[in-house]
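Q: Structure file query-v4.cif (mmCIF, C-alpha atoms) is given on the next line.
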```cif
data_structure
#
loop_
_atom_site.label_atom_id
_atom_site.label_comp_id
_atom_site.auth_asym_id
_atom_site.auth_seq_id
_atom_site.Cartn_x
_atom_site.Cartn_y
_atom_site.Cartn_z
CA MET H 1 100.76 54.34 43.84
CA PHE H 2 100.60 51.12 45.80
CA ILE H 3 98.58 47.93 45.57
CA ILE H 4 97.30 47.01 49.01
CA ARG H 5 96.35 43.33 49.30
CA SER H 6 95.87 43.00 53.03
CA SER H 7 96.53 44.72 56.33
CA LEU H 8 99.20 43.47 58.72
CA GLU H 9 99.47 43.53 62.47
CA SER H 10 102.76 44.42 64.15
CA ILE H 11 105.60 42.20 62.92
CA ASP H 12 107.02 39.68 65.42
CA CYS H 13 110.10 38.02 63.90
CA SER H 14 109.85 35.06 66.22
CA THR H 15 106.64 33.98 64.49
CA ILE H 16 108.08 33.97 60.97
CA LEU H 17 109.48 30.54 60.15
CA PHE H 18 110.88 28.73 57.14
CA LEU H 19 110.30 25.04 56.59
CA ASP H 20 113.33 24.25 58.74
CA ASN H 21 111.67 26.25 61.57
CA LYS H 22 114.52 28.80 61.68
CA PRO H 23 113.54 32.46 61.84
CA SER H 24 114.22 34.39 58.68
CA GLU H 25 115.75 37.74 59.51
CA ARG H 26 115.57 38.76 55.87
CA LEU H 27 111.87 37.97 55.54
CA CYS H 28 111.19 39.70 58.83
CA LEU H 29 112.96 42.83 57.60
CA ILE H 30 110.95 42.83 54.37
CA MET H 31 107.67 42.50 56.23
CA ALA H 32 108.63 45.15 58.76
CA ARG H 33 109.37 47.55 55.92
CA TRP H 34 106.01 46.67 54.38
CA GLU H 35 104.29 47.55 57.66
CA VAL H 36 106.01 50.94 57.70
CA LEU H 37 104.82 51.47 54.14
CA LEU H 38 101.24 50.73 55.15
CA GLN H 39 101.47 53.20 58.00
CA THR H 40 102.39 55.99 55.57
CA LEU H 41 99.18 55.58 53.57
CA SER H 42 97.71 58.71 55.12
CA PHE H 43 100.24 60.72 53.09
CA LEU H 44 99.46 59.08 49.75
CA THR H 45 97.41 60.76 47.06
CA TYR H 46 95.81 57.50 45.97
CA PHE H 47 96.17 53.74 46.33
CA TRP H 48 94.49 50.46 45.36
CA VAL H 49 92.73 47.78 47.37
CA VAL H 50 92.70 44.39 45.66
CA SER H 51 90.61 41.33 46.53
CA ALA H 52 90.11 38.05 44.72
CA THR H 53 87.39 39.43 42.43
CA LEU H 54 87.41 43.23 42.71
CA HIS H 55 89.94 46.04 42.68
CA SER H 56 89.25 49.54 43.96
CA GLN H 57 91.21 52.73 43.46
CA TYR H 58 91.05 55.40 46.16
CA ILE H 59 91.91 59.08 45.83
CA LYS H 60 92.83 61.16 48.87
CA THR H 61 90.62 64.23 49.22
CA ARG H 62 90.18 67.15 51.59
CA VAL H 63 88.70 67.57 55.07
CA PHE H 64 86.76 70.69 56.08
CA ARG H 65 85.81 71.90 59.54
CA GLU H 66 82.05 72.41 59.91
CA GLY H 67 79.46 72.99 62.58
CA SER H 68 78.19 69.85 64.33
CA ASP H 69 74.61 70.39 63.14
CA CYS H 70 75.81 70.63 59.54
CA LEU H 71 77.22 67.08 59.78
CA THR H 72 73.70 65.65 59.99
CA ASP H 73 72.70 67.04 56.59
CA VAL H 74 71.03 64.36 54.45
CA PHE H 75 73.74 64.75 51.79
CA ASN H 76 76.34 63.63 54.34
CA ALA H 77 74.38 60.63 55.63
CA ILE H 78 76.60 57.86 57.00
CA ILE H 79 75.97 54.36 55.62
CA THR H 80 77.72 52.75 58.54
CA LYS H 81 80.57 53.40 60.96
CA ASP H 82 82.81 51.03 62.85
CA ARG H 83 86.17 50.93 64.54
CA SER H 84 88.96 49.52 62.40
CA HIS H 85 92.61 48.77 63.10
CA SER H 86 94.03 50.88 60.29
CA LEU H 87 93.39 53.05 57.29
CA VAL H 88 93.73 49.98 55.06
CA ASP H 89 91.11 48.09 57.07
CA CYS H 90 88.79 51.05 56.66
CA SER H 91 89.29 51.07 52.89
CA THR H 92 88.68 47.32 52.75
CA LEU H 93 85.41 47.80 54.62
CA CYS H 94 84.37 50.47 52.13
CA SER H 95 85.22 48.24 49.17
CA SER H 96 83.13 45.43 50.58
CA ALA H 97 80.13 47.65 51.42
CA GLU H 98 77.76 47.72 48.46
CA LYS H 99 77.02 51.47 48.44
CA CYS H 100 80.24 52.91 49.89
CA ARG H 101 82.06 55.43 47.69
CA ARG H 102 83.83 57.52 50.32
CA PHE H 103 85.29 56.86 53.74
CA MET H 104 86.62 58.97 56.59
CA PHE H 105 89.16 57.57 59.05
CA ASP H 106 89.91 59.12 62.43
CA LYS H 107 93.56 58.38 63.25
CA GLU H 108 93.02 58.97 66.96
CA THR H 109 89.81 57.01 67.62
CA LYS H 110 90.27 54.54 64.70
CA MET H 111 86.65 55.20 63.74
CA CYS H 112 85.82 54.39 60.11
CA SER H 113 82.80 56.23 58.64
CA MET H 114 81.46 55.28 55.21
CA PHE H 115 79.33 57.32 52.82
CA GLU H 116 77.41 56.69 49.62
CA SER H 117 78.59 59.79 47.77
CA GLY H 118 80.79 62.86 47.97
CA GLU H 119 84.32 64.01 47.25
CA ASN H 120 85.48 65.52 50.55
CA CYS H 121 84.74 65.03 54.24
CA ILE H 122 83.53 67.37 56.97
CA THR H 123 84.07 67.11 60.71
CA ASP H 124 83.59 69.12 63.86
CA GLU H 125 86.74 67.52 65.31
CA GLU H 126 90.38 68.43 64.70
CA VAL H 127 90.97 68.28 60.95
CA ASP H 128 94.53 67.00 61.37
CA ASN H 129 93.22 63.75 62.89
CA ILE H 130 90.93 62.98 59.95
CA ILE H 131 91.79 61.29 56.64
CA CYS H 132 89.35 61.28 53.74
CA TYR H 133 89.41 59.08 50.63
CA ARG H 134 86.88 58.57 47.89
CA GLN H 135 86.68 55.67 45.48
CA ASN H 136 87.65 56.35 41.92
CA TYR H 137 86.05 53.07 40.90
CA VAL H 138 85.34 49.47 41.90
CA CYS H 139 85.89 47.05 39.02
CA ASP H 140 86.00 43.33 38.34
CA GLU H 141 87.86 41.72 35.44
CA LEU H 142 85.41 43.05 32.84
CA THR H 143 83.50 46.11 34.00
CA CYS H 144 83.32 48.70 36.73
CA THR H 145 80.47 47.87 39.07
CA ARG H 146 80.62 50.99 41.26
CA CYS H 147 81.39 54.38 39.76
CA PRO H 148 81.43 57.69 41.64
CA ILE H 149 77.96 59.29 41.59
CA GLY H 150 77.77 61.26 38.35
CA TYR H 151 79.94 58.86 36.35
CA TYR H 152 78.55 55.95 34.36
CA GLY H 153 79.54 53.40 31.70
CA ASP H 154 81.27 50.02 31.88
CA GLN H 155 84.56 51.79 32.64
CA CYS H 156 83.08 54.88 34.34
CA GLN H 157 84.02 56.77 31.19
CA HIS H 158 80.95 59.04 30.96
CA ILE H 159 79.70 61.82 33.22
CA ILE H 160 76.34 63.54 33.45
CA GLN H 161 75.90 67.19 32.47
CA ASP H 162 73.54 67.98 35.34
CA CYS H 163 71.34 66.18 37.86
CA SER H 164 68.37 66.10 35.48
CA GLU H 165 70.36 63.94 33.09
CA GLY H 166 71.17 61.52 35.90
CA ARG H 167 67.46 61.26 36.71
CA THR H 168 66.42 60.91 33.04
CA LYS H 169 68.88 58.06 32.52
CA SER H 170 67.72 56.42 35.81
CA LEU H 171 71.36 56.01 36.83
CA TYR H 172 70.92 56.52 40.56
CA PRO H 173 68.38 55.86 43.32
CA GLU H 174 65.62 58.43 43.82
CA LYS H 175 67.24 60.28 46.69
CA LYS H 176 69.51 63.20 47.59
CA LEU H 177 73.19 62.57 46.84
CA MET H 178 76.40 64.43 46.15
CA SER H 179 77.29 64.10 42.48
CA PHE H 180 79.91 65.04 39.92
CA ILE H 181 78.73 66.84 36.80
CA GLN H 182 80.43 68.26 33.71
CA PRO H 183 78.18 70.96 32.25
CA SER H 184 80.38 71.61 29.20
CA LEU H 185 82.32 68.99 27.25
CA ASP H 186 85.68 70.74 27.59
CA GLY H 187 84.93 72.35 30.95
CA PRO H 188 85.78 71.35 34.53
CA ILE H 189 84.16 68.50 36.44
CA ILE H 190 82.46 69.95 39.51
CA GLU H 191 80.67 68.54 42.55
CA VAL H 192 77.11 69.53 43.38
CA LYS H 193 74.17 68.50 45.50
CA CYS H 194 71.57 66.55 43.51
CA THR H 195 68.04 65.36 44.08
CA PHE H 196 67.49 62.44 41.70
CA LYS H 197 63.70 62.70 41.96
CA TYR H 198 60.96 64.76 40.32
CA GLY H 199 62.98 65.41 37.17
CA GLY H 200 66.37 65.76 38.86
CA PHE H 201 67.40 68.98 40.63
CA THR H 202 70.85 70.59 40.53
CA TYR H 203 71.52 72.83 43.54
CA ILE H 204 73.06 76.15 42.50
CA HIS H 205 72.78 77.91 45.86
CA TYR H 206 72.78 76.45 49.37
CA ARG H 207 72.68 78.53 52.52
CA LYS H 208 72.01 76.78 55.81
CA TYR H 209 72.14 78.40 59.22
CA SER H 210 73.47 75.23 60.89
CA CYS H 211 76.60 75.26 58.69
CA LEU H 212 79.52 77.61 59.27
CA ALA H 213 78.79 81.13 58.04
CA LEU H 214 80.05 82.00 54.56
CA ASP H 215 80.62 85.56 53.39
CA PHE H 216 78.63 86.11 50.19
CA ASN H 217 80.04 89.59 49.58
CA LYS H 218 82.37 88.44 46.80
CA THR H 219 83.88 89.78 43.60
CA MET H 220 82.43 89.17 40.14
CA ASP H 221 85.16 86.61 39.44
CA GLU H 222 84.23 84.71 42.58
CA TYR H 223 80.54 84.73 41.70
CA ALA H 224 81.44 83.56 38.20
CA ASN H 225 83.57 80.63 39.36
CA GLY H 226 81.70 79.70 42.54
CA PHE H 227 82.72 79.65 46.21
CA GLY H 228 82.15 77.72 49.42
CA HIS H 229 82.12 73.92 49.44
CA PRO H 230 79.23 71.59 48.53
CA HIS H 231 78.94 69.99 51.98
CA GLY H 232 78.33 73.41 53.54
CA ASN H 233 77.18 76.78 52.29
CA TYR H 234 78.02 77.42 48.65
CA TRP H 235 77.31 79.28 45.41
CA LEU H 236 77.81 77.07 42.36
CA GLY H 237 79.07 79.81 40.03
CA LEU H 238 77.47 81.81 37.22
CA GLU H 239 79.71 80.25 34.57
CA HIS H 240 78.69 76.74 35.64
CA ILE H 241 75.01 77.73 35.73
CA TYR H 242 75.28 79.23 32.26
CA ASN H 243 76.95 76.07 30.93
CA ILE H 244 74.22 73.88 32.45
CA PHE H 245 71.61 75.91 30.56
CA GLN H 246 73.32 75.26 27.22
CA ASN H 247 72.45 71.54 27.40
CA HIS H 248 68.66 71.79 27.28
CA LEU H 249 65.96 73.99 25.77
CA SER H 250 64.62 75.42 29.05
CA PHE H 251 64.94 75.17 32.83
CA SER H 252 62.87 75.98 35.90
CA LEU H 253 64.14 77.49 39.13
CA GLN H 254 62.80 76.15 42.42
CA PHE H 255 63.54 77.77 45.75
CA VAL H 256 62.87 76.55 49.26
CA ILE H 257 63.06 79.02 52.14
CA SER H 258 62.80 78.39 55.88
CA PHE H 259 61.73 81.46 57.83
CA ASP H 260 62.01 82.42 61.47
CA VAL H 261 58.21 82.13 61.57
CA PRO H 262 57.41 78.38 61.79
CA GLN H 263 53.93 78.62 60.24
CA LEU H 264 55.47 80.03 57.04
CA SER H 265 58.13 77.33 56.64
CA PRO H 266 59.32 75.81 54.52
CA ALA H 267 57.96 78.07 51.78
CA GLN H 268 58.43 77.03 48.16
CA GLY H 269 58.01 78.49 44.74
CA TYR H 270 58.86 77.97 41.07
CA TYR H 271 59.82 80.18 38.19
CA TYR H 272 59.15 78.01 35.16
CA ARG H 273 61.41 80.03 32.88
CA PHE H 274 64.92 80.65 34.18
CA ASN H 275 68.04 81.45 32.17
CA ILE H 276 71.12 83.66 32.24
CA THR H 277 73.35 85.03 29.51
CA ASP H 278 77.15 84.70 29.45
CA ARG H 279 79.65 87.06 31.04
CA SER H 280 79.93 89.29 27.98
CA ASP H 281 76.29 90.22 28.64
CA TYR H 282 76.80 90.42 32.43
CA TYR H 283 74.94 87.20 33.26
CA ARG H 284 71.63 88.92 32.55
CA ILE H 285 68.69 86.97 34.00
CA THR H 286 65.50 85.67 32.40
CA LEU H 287 62.96 84.90 35.12
CA ARG H 288 59.26 84.38 34.42
CA SER H 289 56.13 82.36 35.19
CA TYR H 290 56.02 82.23 38.99
CA SER H 291 53.95 79.59 40.78
CA GLY H 292 53.83 79.17 44.55
CA HIS H 293 53.50 75.96 46.54
CA HIS H 294 49.84 75.06 47.11
CA THR H 295 50.05 75.09 50.94
CA LYS H 296 53.08 77.26 51.79
CA PRO H 297 53.78 79.61 48.88
CA SER H 298 56.84 81.78 49.13
CA GLY H 299 55.35 84.77 47.41
CA ASP H 300 56.84 86.37 44.31
CA SER H 301 59.59 88.68 45.47
CA LEU H 302 61.52 88.65 42.20
CA THR H 303 59.17 89.43 39.30
CA SER H 304 56.13 91.06 40.90
CA GLY H 305 55.07 94.55 39.86
CA ALA H 306 57.58 97.36 39.55
CA TYR H 307 60.37 95.38 41.22
CA ASN H 308 60.81 92.80 38.47
CA ILE H 309 64.44 91.66 38.07
CA ASP H 310 63.77 89.92 34.72
CA GLY H 311 66.40 91.20 32.29
CA ARG H 312 68.69 92.65 34.96
CA PRO H 313 72.49 92.08 34.90
CA PHE H 314 74.29 90.57 37.87
CA SER H 315 76.05 93.05 40.15
CA THR H 316 78.85 92.77 42.69
CA TYR H 317 80.67 95.43 44.70
CA ASP H 318 83.50 95.50 42.12
CA ASP H 319 81.22 95.38 39.05
CA ASP H 320 78.00 97.22 39.91
CA PHE H 321 75.23 97.77 37.34
CA SER H 322 72.62 98.96 39.83
CA ASN H 323 73.73 102.61 39.81
CA HIS H 324 72.69 102.77 43.45
CA ASP H 325 75.56 101.02 45.24
CA CYS H 326 73.27 98.05 45.93
CA PRO H 327 75.94 95.29 46.32
CA ASP H 328 77.79 97.33 48.91
CA ARG H 329 74.62 98.31 50.73
CA PHE H 330 73.23 94.77 50.89
CA LYS H 331 76.61 93.02 51.22
CA GLY H 332 76.26 90.49 48.42
CA GLY H 333 76.03 89.96 44.67
CA TRP H 334 72.60 89.77 43.02
CA TRP H 335 70.49 90.79 40.03
CA TYR H 336 69.76 94.20 41.53
CA LEU H 337 67.31 96.73 40.13
CA ASP H 338 68.33 100.12 38.80
CA ASP H 339 66.38 101.67 41.64
CA PRO H 340 67.17 102.98 45.13
CA VAL H 341 65.11 100.08 46.55
CA CYS H 342 67.62 97.68 44.91
CA CYS H 343 65.53 94.51 45.48
CA ARG H 344 62.53 92.97 47.18
CA ALA H 345 64.56 89.86 47.94
CA ASN H 346 68.24 89.42 48.63
CA LEU H 347 69.38 85.84 49.22
CA ASN H 348 73.10 86.61 49.20
CA GLY H 349 73.28 89.49 51.64
CA ASN H 350 75.07 89.58 54.97
CA ARG H 351 73.34 87.57 57.68
CA THR H 352 74.21 87.61 61.37
CA ASP H 353 72.24 87.56 64.59
CA THR H 354 71.88 91.35 64.43
CA SER H 355 72.09 92.12 60.70
CA PHE H 356 69.57 90.98 58.11
CA GLU H 357 70.58 92.40 54.76
CA SER H 358 69.68 88.93 53.50
CA SER H 359 65.89 88.54 53.33
CA TRP H 360 62.82 87.56 51.34
CA GLN H 361 60.06 90.11 50.95
CA GLY H 362 57.30 87.93 49.57
CA GLN H 363 54.69 87.37 52.22
CA ASP H 364 52.93 90.67 51.60
CA ASN H 365 53.17 93.80 49.49
CA LEU H 366 53.54 96.21 52.38
CA GLY H 367 57.30 96.53 52.26
CA ASN H 368 57.88 94.16 55.16
CA ARG H 369 60.96 91.96 54.91
CA THR H 370 61.07 88.48 56.37
CA SER H 371 64.45 87.17 57.51
CA PHE H 372 65.21 83.51 56.79
CA TYR H 373 67.66 80.97 58.12
CA ASP H 374 67.82 78.36 55.32
CA VAL H 375 67.51 78.77 51.56
CA THR H 376 68.19 76.58 48.55
CA LEU H 377 67.98 77.39 44.85
CA ARG H 378 67.94 74.48 42.44
CA VAL H 379 67.30 74.07 38.72
CA VAL H 380 65.58 71.31 36.76
CA ARG H 381 65.10 70.67 33.04
CA ASN H 382 61.64 71.42 31.73
CA THR H 383 59.94 68.58 29.89
CA VAL H 384 58.31 70.89 27.32
#
```
Could I get this structure in the form of structure tokens?
A:
Amino acid sequence: MFIIRSSLESIDCSTILFLDNKPSERLCLIMARWEVLLQTLSFLTYFWVVSATLHSQYIKTRVFREGSDCLTDVFNAIITKDRSHSLVDCSTLCSSAEKCRRFMFDKETKMCSMFESGENCITDEEVDNIICYRQNYVCDELTCTRCPIGYYGDQCQHIIQDCSEGRTKSLYPEKKLMSFIQPSLDGPIIEVKCTFKYGGFTYIHYRKYSCLALDFNKTMDEYANGFGHPHGNYWLGLEHIYNIFQNHLSFSLQFVISFDVPQLSPAQGYYYRFNITDRSDYYRITLRSYSGHHTKPSGDSLTSGAYNIDGRPFSTYDDDFSNHDCPDRFKGGWWYLDDPVCCRANLNGNRTDTSFESSWQGQDNLGNRTSFYDVTLRVVRNTV
């Protein structure tokens, strides 16, 4: 850990003078060593930036390679970007920017990009050239004035359980942000996408065609713990979803689907009763009370008629309760039926340019499947 008070240009011993105007070799050596120390910041786990009134702690995080179109996602919106001389200059810019909580520094171009939220960084450039840090806090002498999104309190000592709590407490602006949550008191702190509007939505599933493809044909353990990363395609994890549901009486599930047919997109729908049991009961789903969007309804592919998944356990290829090899046939985990049809909708199936195991069969009742290219599932606390 190091306290960084300012950045330094290259050391020229001829410019360092004592009162008698004689160069100080000793002082020059000290400052030269300090410059070397600054240049090694890219290898540090965390460091501090200190100004006259504020001090900020930064934590080094990870960098992921993503598709260029994925970088423009609203959750990764750049506050500002500018060229800076060094990593330290970039961190100083972030500390002085009112909303900055994360910065990304390109060692080759010296470009400093600043963001309002998020843990890690994504790039379509070479990952080795990119350094990512997020602020742990920004504090003055008395209180912390800028906590990571999800944390709150005068010392950033509290954390929200889900995005609905952040909206209820009016902690954050009414917009889409990356956020930390802690669904259970003794459980892990995880990062999710949040919409801090309309009651506060926590994204449990995010699948976007513009982001790098993610294989959803995973084991039960992987579906329980979650996979992918929040800036790209991801599944939050059944354990985390279950823990979120323990903090409030009831939740709704909203889904938004973009189809290959423009006049159908984006289709939306709600299930106003959504819950799952714990692993000992196979994450069995409760899903009821469908309502479609008033102009572009998605159709009810999950609880309509004989193909109702309400009450079904979750199945994966290594833990299959469908009795019809459904996870292997559709290449993904889901609440499959005990029926050769398996499902009328499969949001986690394989999806390529030639294979559409992943689909939504809700626009009609004729057995026609409609392939999609974007889908999000998000949950919100019910008010009654």
Q: Mind pulling up the distance from CA of Cys132 (chain H) to CA of His85 (chain H)?
A: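 CA of Cys132 (chain H) lies 16.0 Å from CA of His85 (chain H).
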Q: Just to confirm, what's the straight-line distance from CA of Leu253 (chain H) to CA of Ala77 (chain H) in Å (one decimal)?
A: 25.7 Å
Q: Could you tell me how far CA of Phe274 (chain H) sits from CA of Gly332 (chain H), in Å to one decimal place?
A: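 Spanning CA of Gly332 (chain H) to CA of Phe274 (chain H) is a straight-line distance of 20.7 Å.
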Q: When the PyMOL selection byres ((chain H and resi 200) around 8) is applied to the file above, which residues end up in the set, as an MDAnalysis selection string?
A: chainID H and resid 163:168 194:199 201:202 380:381
Q: As a count of residues only, please: the residues near Met111 (chain H) (cut-off 8 Å, all atoms listed in the file, same-chain neighbours under 5 positions excluded).
A: 6
Q: Determine the residue set returned by the PyMOL selection byres ((chain H and resi 206) around 6) for the present structure, and present it as a PyMOL selection string.
A: chain H and resi 205+207+233-234+376
Q: When you count all atoms listed in the file, which of these residues is closest to Gly311 (chain H): H:Ile122, H:Ala97, H:Ile276, H:Cys342?
A: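 Ranking H:Ile122, H:Ala97, H:Ile276, H:Cys342 by distance to Gly311 (chain H), first place goes to H:Ile276.
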Q: Neighbours of region 187-192 of chain H within 9 Å (all atoms listed in the file; same-chain residues fewer than 4 positions away dropped), as a PyMOL selection string?
A: chain H and resi 118-119+150+159+162-163+177-183+202-204+229-231+236+240+243
Q: For this structure, which residues satisfy the selection - the PyMOL selection byres ((chain H and resi 286-303) around 6) - when it is evaluated on the file as given? I want them as a ChimeraX atom specification.
A: /H:267-276,285,304,308-311,344-345,361-363
Q: List as a PyMOL selection string the residues having at least one atom at most 9 Å from position (80.3, 80.9, 46.3) as given in the file, counting all atoms listed in the file.
A: chain H and resi 205+214-216+218+222-229+233-237
Q: Calculated over all atoms listed in the file, which of the candidates H:Ser68, H:Ser250, H:Thr316, H:Thr145 has the smallest distance to Val379 (chain H)?
A: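 Closest residue, counting all atoms listed in the file: H:Ser250.
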Q: Using all atoms listed in the file, which residue out of H:Tyr172, H:Phe115, H:Tyr242, H:Tyr151 lies closest to Glu98 (chain H)?
A: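 Smallest distance to Glu98 (chain H) is found for H:Phe115.
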